[in-house]
Amino acid sequence: LEDAWMMFGRISKWDAVSWTAMISACAQHGQGKEALVLFQQMQLEGLIPNEVTFVSILFACSHAGMVDEGGHCFVAMMQDHAITPTLEHYNCMI
């Protein structure tokens with residue numbers, strides 16, 4: 001994860017793919033709060049999360065026991081971003 005942070009810091013212009021990759025890396029290493037902060041920062045930078053971004057943040061919240069935060073992200077995915085949940089999204093909510 002340290003290498004991922006280092007590479008993320010070296011990127012001159014972040015896009016949705018680079019943000020999602022870092023959110024996913026945090027999620028896979030049990031760092032749900034860090035993933036959520038990245039998710040929020042991504043949106044503050046004006047980037048729009050996509051279906052894969054939401055799988056990553058929902059996975060992060062689920063594995064960190066952040067049930068309420070995951071629920072808020074799930075609702076935002078549908079209401080704010082008009083993304084229809086897929087099986088992968090629902091699996092993260094279990």
# chains A, B, ... in the order shown; residues from 1 in each chain; ligands from 1
>>> residues_around(residues="Gln43 (chain A)", least_positions_apart="5", cutoff="10 Å", atoms="only C-alpha atoms", output="ChimeraX atom specification")
/A:16,19,38,48-49
>>> select_by_dssp(residues="region 20-86 of chain A", states="alpha helix (DSSP H)", output="compact mmCIF listing (two decimals) with all heavy atoms, in the first residue's frame")
# COMPACT_ATOMS: atom_id res chain seq x y z
N THR A 20 -9.94 5.83 -8.33
CA THR A 20 -10.59 4.55 -8.05
C THR A 20 -9.56 3.50 -7.68
O THR A 20 -9.80 2.69 -6.76
CB THR A 20 -11.44 4.10 -9.26
OG1 THR A 20 -12.44 5.09 -9.50
CG2 THR A 20 -12.09 2.75 -9.02
N ALA A 21 -8.41 3.50 -8.35
CA ALA A 21 -7.36 2.53 -8.02
C ALA A 21 -6.87 2.71 -6.58
O ALA A 21 -6.67 1.74 -5.85
CB ALA A 21 -6.19 2.67 -9.00
N MET A 22 -6.72 3.95 -6.16
CA MET A 22 -6.25 4.21 -4.80
C MET A 22 -7.32 3.89 -3.78
O MET A 22 -7.02 3.34 -2.71
CB MET A 22 -5.79 5.66 -4.69
CG MET A 22 -4.91 5.93 -3.50
SD MET A 22 -3.37 5.02 -3.60
CE MET A 22 -3.29 4.39 -1.93
N ILE A 23 -8.57 4.19 -4.09
CA ILE A 23 -9.68 3.84 -3.20
C ILE A 23 -9.74 2.32 -3.05
O ILE A 23 -9.89 1.79 -1.95
CB ILE A 23 -11.02 4.39 -3.75
CG1 ILE A 23 -11.03 5.91 -3.66
CG2 ILE A 23 -12.22 3.78 -3.02
CD1 ILE A 23 -12.14 6.59 -4.45
N SER A 24 -9.57 1.61 -4.15
CA SER A 24 -9.59 0.15 -4.13
C SER A 24 -8.42 -0.41 -3.32
O SER A 24 -8.59 -1.37 -2.55
CB SER A 24 -9.55 -0.38 -5.56
OG SER A 24 -9.56 -1.78 -5.57
N ALA A 25 -7.25 0.18 -3.46
CA ALA A 25 -6.08 -0.27 -2.70
C ALA A 25 -6.33 -0.11 -1.20
O ALA A 25 -6.03 -1.02 -0.41
CB ALA A 25 -4.84 0.49 -3.13
N CYS A 26 -6.88 1.03 -0.81
CA CYS A 26 -7.20 1.23 0.60
C CYS A 26 -8.24 0.21 1.08
O CYS A 26 -8.11 -0.36 2.17
CB CYS A 26 -7.72 2.65 0.83
SG CYS A 26 -6.46 3.92 0.73
N ALA A 27 -9.23 -0.03 0.26
CA ALA A 27 -10.28 -0.98 0.61
C ALA A 27 -9.70 -2.37 0.83
O ALA A 27 -10.04 -3.06 1.80
CB ALA A 27 -11.34 -1.03 -0.50
N GLN A 28 -8.81 -2.79 -0.05
CA GLN A 28 -8.23 -4.12 0.05
C GLN A 28 -7.31 -4.28 1.25
O GLN A 28 -7.02 -5.40 1.67
CB GLN A 28 -7.49 -4.45 -1.24
CG GLN A 28 -8.40 -4.64 -2.42
CD GLN A 28 -7.65 -4.86 -3.72
OE1 GLN A 28 -6.47 -5.17 -3.72
NE2 GLN A 28 -8.35 -4.66 -4.83
N GLY A 32 -10.84 1.57 5.37
CA GLY A 32 -12.11 2.12 4.90
C GLY A 32 -12.23 3.62 5.07
O GLY A 32 -12.74 4.31 4.19
N LYS A 33 -11.76 4.13 6.21
CA LYS A 33 -11.86 5.59 6.43
C LYS A 33 -11.02 6.34 5.42
O LYS A 33 -11.45 7.37 4.90
CB LYS A 33 -11.44 5.93 7.85
CG LYS A 33 -12.44 5.48 8.89
CD LYS A 33 -12.03 5.88 10.28
CE LYS A 33 -13.06 5.34 11.28
NZ LYS A 33 -12.71 5.67 12.66
N GLU A 34 -9.83 5.84 5.14
CA GLU A 34 -8.97 6.49 4.15
C GLU A 34 -9.61 6.44 2.77
O GLU A 34 -9.55 7.40 2.01
CB GLU A 34 -7.59 5.84 4.13
CG GLU A 34 -6.76 6.09 5.37
CD GLU A 34 -7.08 5.14 6.53
OE1 GLU A 34 -8.06 4.36 6.45
OE2 GLU A 34 -6.35 5.19 7.53
N ALA A 35 -10.22 5.31 2.45
CA ALA A 35 -10.90 5.17 1.16
C ALA A 35 -12.04 6.19 1.05
O ALA A 35 -12.23 6.81 0.00
CB ALA A 35 -11.44 3.75 0.99
N LEU A 36 -12.78 6.36 2.14
CA LEU A 36 -13.90 7.30 2.12
C LEU A 36 -13.40 8.74 1.97
O LEU A 36 -14.00 9.53 1.22
CB LEU A 36 -14.74 7.15 3.39
CG LEU A 36 -16.09 7.83 3.39
CD1 LEU A 36 -16.96 7.37 2.23
CD2 LEU A 36 -16.81 7.57 4.70
N VAL A 37 -12.29 9.07 2.61
CA VAL A 37 -11.72 10.41 2.46
C VAL A 37 -11.30 10.63 1.01
O VAL A 37 -11.57 11.69 0.43
CB VAL A 37 -10.53 10.61 3.42
CG1 VAL A 37 -9.73 11.86 3.07
CG2 VAL A 37 -11.01 10.67 4.87
N LEU A 38 -10.66 9.64 0.40
CA LEU A 38 -10.27 9.75 -1.00
C LEU A 38 -11.50 9.93 -1.90
O LEU A 38 -11.48 10.73 -2.83
CB LEU A 38 -9.49 8.52 -1.45
CG LEU A 38 -8.05 8.42 -0.97
CD1 LEU A 38 -7.50 7.02 -1.27
CD2 LEU A 38 -7.19 9.48 -1.62
N PHE A 39 -12.53 9.17 -1.62
CA PHE A 39 -13.77 9.25 -2.40
C PHE A 39 -14.35 10.66 -2.34
O PHE A 39 -14.77 11.22 -3.35
CB PHE A 39 -14.77 8.22 -1.85
CG PHE A 39 -16.09 8.17 -2.54
CD1 PHE A 39 -16.20 7.71 -3.85
CD2 PHE A 39 -17.24 8.58 -1.89
CE1 PHE A 39 -17.43 7.66 -4.48
CE2 PHE A 39 -18.47 8.53 -2.51
CZ PHE A 39 -18.56 8.07 -3.81
N GLN A 40 -14.34 11.24 -1.14
CA GLN A 40 -14.86 12.60 -0.98
C GLN A 40 -13.95 13.61 -1.68
O GLN A 40 -14.44 14.54 -2.33
CB GLN A 40 -15.01 12.92 0.51
CG GLN A 40 -16.10 12.10 1.16
CD GLN A 40 -16.05 12.10 2.68
OE1 GLN A 40 -15.05 12.48 3.29
NE2 GLN A 40 -17.14 11.67 3.30
N GLN A 41 -12.64 13.44 -1.55
CA GLN A 41 -11.69 14.35 -2.21
C GLN A 41 -11.84 14.29 -3.72
O GLN A 41 -11.76 15.32 -4.40
CB GLN A 41 -10.26 14.02 -1.81
CG GLN A 41 -9.91 14.40 -0.40
CD GLN A 41 -8.51 13.97 -0.02
OE1 GLN A 41 -7.94 13.03 -0.58
NE2 GLN A 41 -7.94 14.66 0.96
N MET A 42 -12.04 13.08 -4.24
CA MET A 42 -12.22 12.90 -5.68
C MET A 42 -13.37 13.78 -6.18
O MET A 42 -13.25 14.48 -7.18
CB MET A 42 -12.50 11.43 -5.97
CG MET A 42 -12.90 11.12 -7.38
SD MET A 42 -13.42 9.39 -7.51
CE MET A 42 -13.89 9.34 -9.21
N GLN A 43 -14.46 13.74 -5.45
CA GLN A 43 -15.63 14.51 -5.87
C GLN A 43 -15.40 16.02 -5.69
O GLN A 43 -15.86 16.81 -6.51
CB GLN A 43 -16.85 14.04 -5.09
CG GLN A 43 -17.23 12.60 -5.49
CD GLN A 43 -18.36 12.07 -4.66
OE1 GLN A 43 -19.51 12.33 -4.98
NE2 GLN A 43 -18.03 11.34 -3.60
N LEU A 44 -14.67 16.40 -4.65
CA LEU A 44 -14.34 17.81 -4.46
C LEU A 44 -13.47 18.34 -5.59
O LEU A 44 -13.52 19.53 -5.92
CB LEU A 44 -13.65 18.02 -3.12
CG LEU A 44 -14.53 17.89 -1.88
CD1 LEU A 44 -13.68 17.97 -0.61
CD2 LEU A 44 -15.63 18.94 -1.86
N GLU A 51 -19.30 3.42 -11.96
CA GLU A 51 -19.76 2.17 -11.36
C GLU A 51 -18.66 1.46 -10.60
O GLU A 51 -18.88 0.91 -9.51
CB GLU A 51 -20.33 1.23 -12.45
CG GLU A 51 -21.59 1.73 -13.11
CD GLU A 51 -21.33 2.67 -14.30
OE1 GLU A 51 -20.16 3.05 -14.53
OE2 GLU A 51 -22.30 3.03 -14.98
N VAL A 52 -17.45 1.46 -11.15
CA VAL A 52 -16.32 0.77 -10.52
C VAL A 52 -15.90 1.50 -9.24
O VAL A 52 -15.58 0.87 -8.23
CB VAL A 52 -15.14 0.64 -11.50
CG1 VAL A 52 -13.94 -0.01 -10.84
CG2 VAL A 52 -15.56 -0.15 -12.74
N THR A 53 -15.93 2.82 -9.28
CA THR A 53 -15.61 3.60 -8.09
C THR A 53 -16.56 3.23 -6.96
O THR A 53 -16.12 3.05 -5.81
CB THR A 53 -15.71 5.11 -8.37
OG1 THR A 53 -14.96 5.43 -9.54
CG2 THR A 53 -15.20 5.92 -7.20
N PHE A 54 -17.82 3.09 -7.28
CA PHE A 54 -18.80 2.77 -6.25
C PHE A 54 -18.62 1.34 -5.73
O PHE A 54 -18.80 1.11 -4.53
CB PHE A 54 -20.23 3.02 -6.73
CG PHE A 54 -20.63 4.45 -6.56
CD1 PHE A 54 -20.67 5.30 -7.65
CD2 PHE A 54 -20.94 4.97 -5.31
CE1 PHE A 54 -21.02 6.64 -7.50
CE2 PHE A 54 -21.29 6.30 -5.14
CZ PHE A 54 -21.33 7.14 -6.24
N VAL A 55 -18.24 0.41 -6.56
CA VAL A 55 -17.94 -0.93 -6.05
C VAL A 55 -16.79 -0.84 -5.05
O VAL A 55 -16.83 -1.43 -3.97
CB VAL A 55 -17.58 -1.92 -7.20
CG1 VAL A 55 -17.01 -3.22 -6.64
CG2 VAL A 55 -18.81 -2.21 -8.06
N SER A 56 -15.77 -0.06 -5.38
CA SER A 56 -14.61 0.07 -4.50
C SER A 56 -14.96 0.72 -3.17
O SER A 56 -14.54 0.24 -2.11
CB SER A 56 -13.51 0.89 -5.20
OG SER A 56 -13.06 0.23 -6.35
N ILE A 57 -15.72 1.79 -3.19
CA ILE A 57 -16.05 2.47 -1.94
C ILE A 57 -17.05 1.66 -1.11
O ILE A 57 -16.95 1.61 0.12
CB ILE A 57 -16.54 3.92 -2.16
CG1 ILE A 57 -16.51 4.69 -0.84
CG2 ILE A 57 -17.91 3.98 -2.79
CD1 ILE A 57 -15.16 4.81 -0.19
N LEU A 58 -17.97 0.97 -1.76
CA LEU A 58 -18.90 0.12 -1.02
C LEU A 58 -18.16 -1.06 -0.39
O LEU A 58 -18.45 -1.45 0.75
CB LEU A 58 -20.02 -0.37 -1.94
CG LEU A 58 -20.98 0.72 -2.43
CD1 LEU A 58 -21.94 0.14 -3.46
CD2 LEU A 58 -21.73 1.36 -1.27
N PHE A 59 -17.20 -1.62 -1.12
CA PHE A 59 -16.36 -2.70 -0.59
C PHE A 59 -15.59 -2.20 0.63
O PHE A 59 -15.50 -2.88 1.66
CB PHE A 59 -15.41 -3.20 -1.68
CG PHE A 59 -14.45 -4.26 -1.24
CD1 PHE A 59 -14.84 -5.59 -1.22
CD2 PHE A 59 -13.15 -3.93 -0.87
CE1 PHE A 59 -13.94 -6.58 -0.81
CE2 PHE A 59 -12.25 -4.91 -0.48
CZ PHE A 59 -12.65 -6.24 -0.44
N ALA A 60 -15.02 -1.00 0.52
CA ALA A 60 -14.24 -0.43 1.62
C ALA A 60 -15.11 -0.25 2.86
O ALA A 60 -14.70 -0.62 3.97
CB ALA A 60 -13.64 0.91 1.19
N CYS A 61 -16.28 0.32 2.67
CA CYS A 61 -17.18 0.55 3.80
C CYS A 61 -17.62 -0.77 4.42
O CYS A 61 -17.64 -0.92 5.65
CB CYS A 61 -18.39 1.36 3.36
SG CYS A 61 -18.01 3.09 2.96
N SER A 62 -17.95 -1.73 3.59
CA SER A 62 -18.40 -3.03 4.07
C SER A 62 -17.34 -3.71 4.93
O SER A 62 -17.61 -4.18 6.03
CB SER A 62 -18.78 -3.92 2.89
OG SER A 62 -19.05 -5.23 3.32
N HIS A 63 -16.13 -3.74 4.44
CA HIS A 63 -15.06 -4.46 5.13
C HIS A 63 -14.51 -3.72 6.34
O HIS A 63 -13.84 -4.31 7.18
CB HIS A 63 -13.95 -4.82 4.16
CG HIS A 63 -14.36 -5.93 3.25
ND1 HIS A 63 -14.33 -7.25 3.63
CD2 HIS A 63 -14.86 -5.91 2.00
CE1 HIS A 63 -14.78 -8.00 2.65
NE2 HIS A 63 -15.12 -7.21 1.64
N VAL A 67 -21.20 0.62 8.04
CA VAL A 67 -22.49 0.30 7.43
C VAL A 67 -23.25 1.56 7.03
O VAL A 67 -23.78 1.65 5.91
CB VAL A 67 -23.33 -0.57 8.39
CG1 VAL A 67 -24.71 -0.86 7.80
CG2 VAL A 67 -22.60 -1.87 8.70
N ASP A 68 -23.33 2.54 7.93
CA ASP A 68 -24.07 3.76 7.63
C ASP A 68 -23.46 4.50 6.44
O ASP A 68 -24.17 4.96 5.54
CB ASP A 68 -24.12 4.69 8.84
CG ASP A 68 -25.00 4.14 9.95
OD1 ASP A 68 -25.87 3.29 9.68
OD2 ASP A 68 -24.80 4.55 11.11
N GLU A 69 -22.13 4.62 6.44
CA GLU A 69 -21.44 5.32 5.36
C GLU A 69 -21.66 4.61 4.03
O GLU A 69 -21.90 5.24 3.00
CB GLU A 69 -19.95 5.43 5.65
CG GLU A 69 -19.61 6.33 6.82
CD GLU A 69 -19.63 5.61 8.17
OE1 GLU A 69 -20.20 4.50 8.28
OE2 GLU A 69 -19.08 6.17 9.13
N GLY A 70 -21.61 3.27 4.05
CA GLY A 70 -21.86 2.49 2.85
C GLY A 70 -23.27 2.70 2.34
O GLY A 70 -23.50 2.84 1.14
N GLY A 71 -24.21 2.75 3.26
CA GLY A 71 -25.60 2.99 2.88
C GLY A 71 -25.79 4.36 2.23
O GLY A 71 -26.51 4.50 1.24
N HIS A 72 -25.12 5.37 2.78
CA HIS A 72 -25.20 6.71 2.21
C HIS A 72 -24.60 6.73 0.80
O HIS A 72 -25.16 7.36 -0.11
CB HIS A 72 -24.48 7.73 3.09
CG HIS A 72 -25.16 7.98 4.40
ND1 HIS A 72 -26.43 8.49 4.51
CD2 HIS A 72 -24.73 7.78 5.67
CE1 HIS A 72 -26.76 8.59 5.78
NE2 HIS A 72 -25.74 8.16 6.51
N CYS A 73 -23.48 6.04 0.62
CA CYS A 73 -22.85 5.98 -0.71
C CYS A 73 -23.75 5.26 -1.70
O CYS A 73 -23.87 5.67 -2.86
CB CYS A 73 -21.49 5.28 -0.62
SG CYS A 73 -20.22 6.24 0.22
N PHE A 74 -24.39 4.18 -1.25
CA PHE A 74 -25.28 3.40 -2.11
C PHE A 74 -26.45 4.26 -2.60
O PHE A 74 -26.78 4.27 -3.78
CB PHE A 74 -25.78 2.17 -1.35
CG PHE A 74 -26.51 1.18 -2.19
CD1 PHE A 74 -25.81 0.28 -2.98
CD2 PHE A 74 -27.89 1.12 -2.20
CE1 PHE A 74 -26.48 -0.66 -3.76
CE2 PHE A 74 -28.57 0.19 -2.97
CZ PHE A 74 -27.86 -0.69 -3.75
N VAL A 75 -27.05 5.01 -1.67
CA VAL A 75 -28.17 5.89 -2.04
C VAL A 75 -27.69 6.99 -2.98
O VAL A 75 -28.34 7.30 -3.99
CB VAL A 75 -28.84 6.47 -0.78
CG1 VAL A 75 -29.84 7.56 -1.14
CG2 VAL A 75 -29.54 5.36 0.00
N ALA A 76 -26.53 7.59 -2.67
CA ALA A 76 -25.98 8.64 -3.53
C ALA A 76 -25.69 8.13 -4.93
O ALA A 76 -25.88 8.84 -5.92
CB ALA A 76 -24.71 9.22 -2.91
N MET A 77 -25.22 6.89 -5.00
CA MET A 77 -24.93 6.29 -6.31
C MET A 77 -26.17 6.31 -7.19
O MET A 77 -26.09 6.67 -8.38
CB MET A 77 -24.45 4.84 -6.11
CG MET A 77 -24.22 4.07 -7.38
SD MET A 77 -23.73 2.36 -7.09
CE MET A 77 -25.27 1.64 -6.56
N MET A 78 -27.30 5.96 -6.59
CA MET A 78 -28.55 5.91 -7.36
C MET A 78 -29.15 7.29 -7.57
O MET A 78 -29.53 7.64 -8.70
CB MET A 78 -29.55 4.99 -6.66
CG MET A 78 -29.12 3.53 -6.63
SD MET A 78 -30.35 2.45 -5.85
CE MET A 78 -30.32 3.02 -4.16
N GLN A 79 -29.25 8.07 -6.50
CA GLN A 79 -29.97 9.34 -6.58
C GLN A 79 -29.14 10.47 -7.20
O GLN A 79 -29.65 11.23 -8.01
CB GLN A 79 -30.43 9.76 -5.19
CG GLN A 79 -31.52 8.86 -4.65
CD GLN A 79 -32.02 9.28 -3.28
OE1 GLN A 79 -31.47 10.18 -2.64
NE2 GLN A 79 -33.06 8.63 -2.81
>>> atom_distance(atom1="CA of Met93 (chain A)", atom2="CA of Leu47 (chain A)")
23.8 Å
>>> atom_distance(atom1="CA of Gly65 (chain A)", atom2="CA of Asn91 (chain A)")
14.4 Å
>>> atom_distance(atom1="CA of His81 (chain A)", atom2="CA of Asn50 (chain A)")
8.2 Å
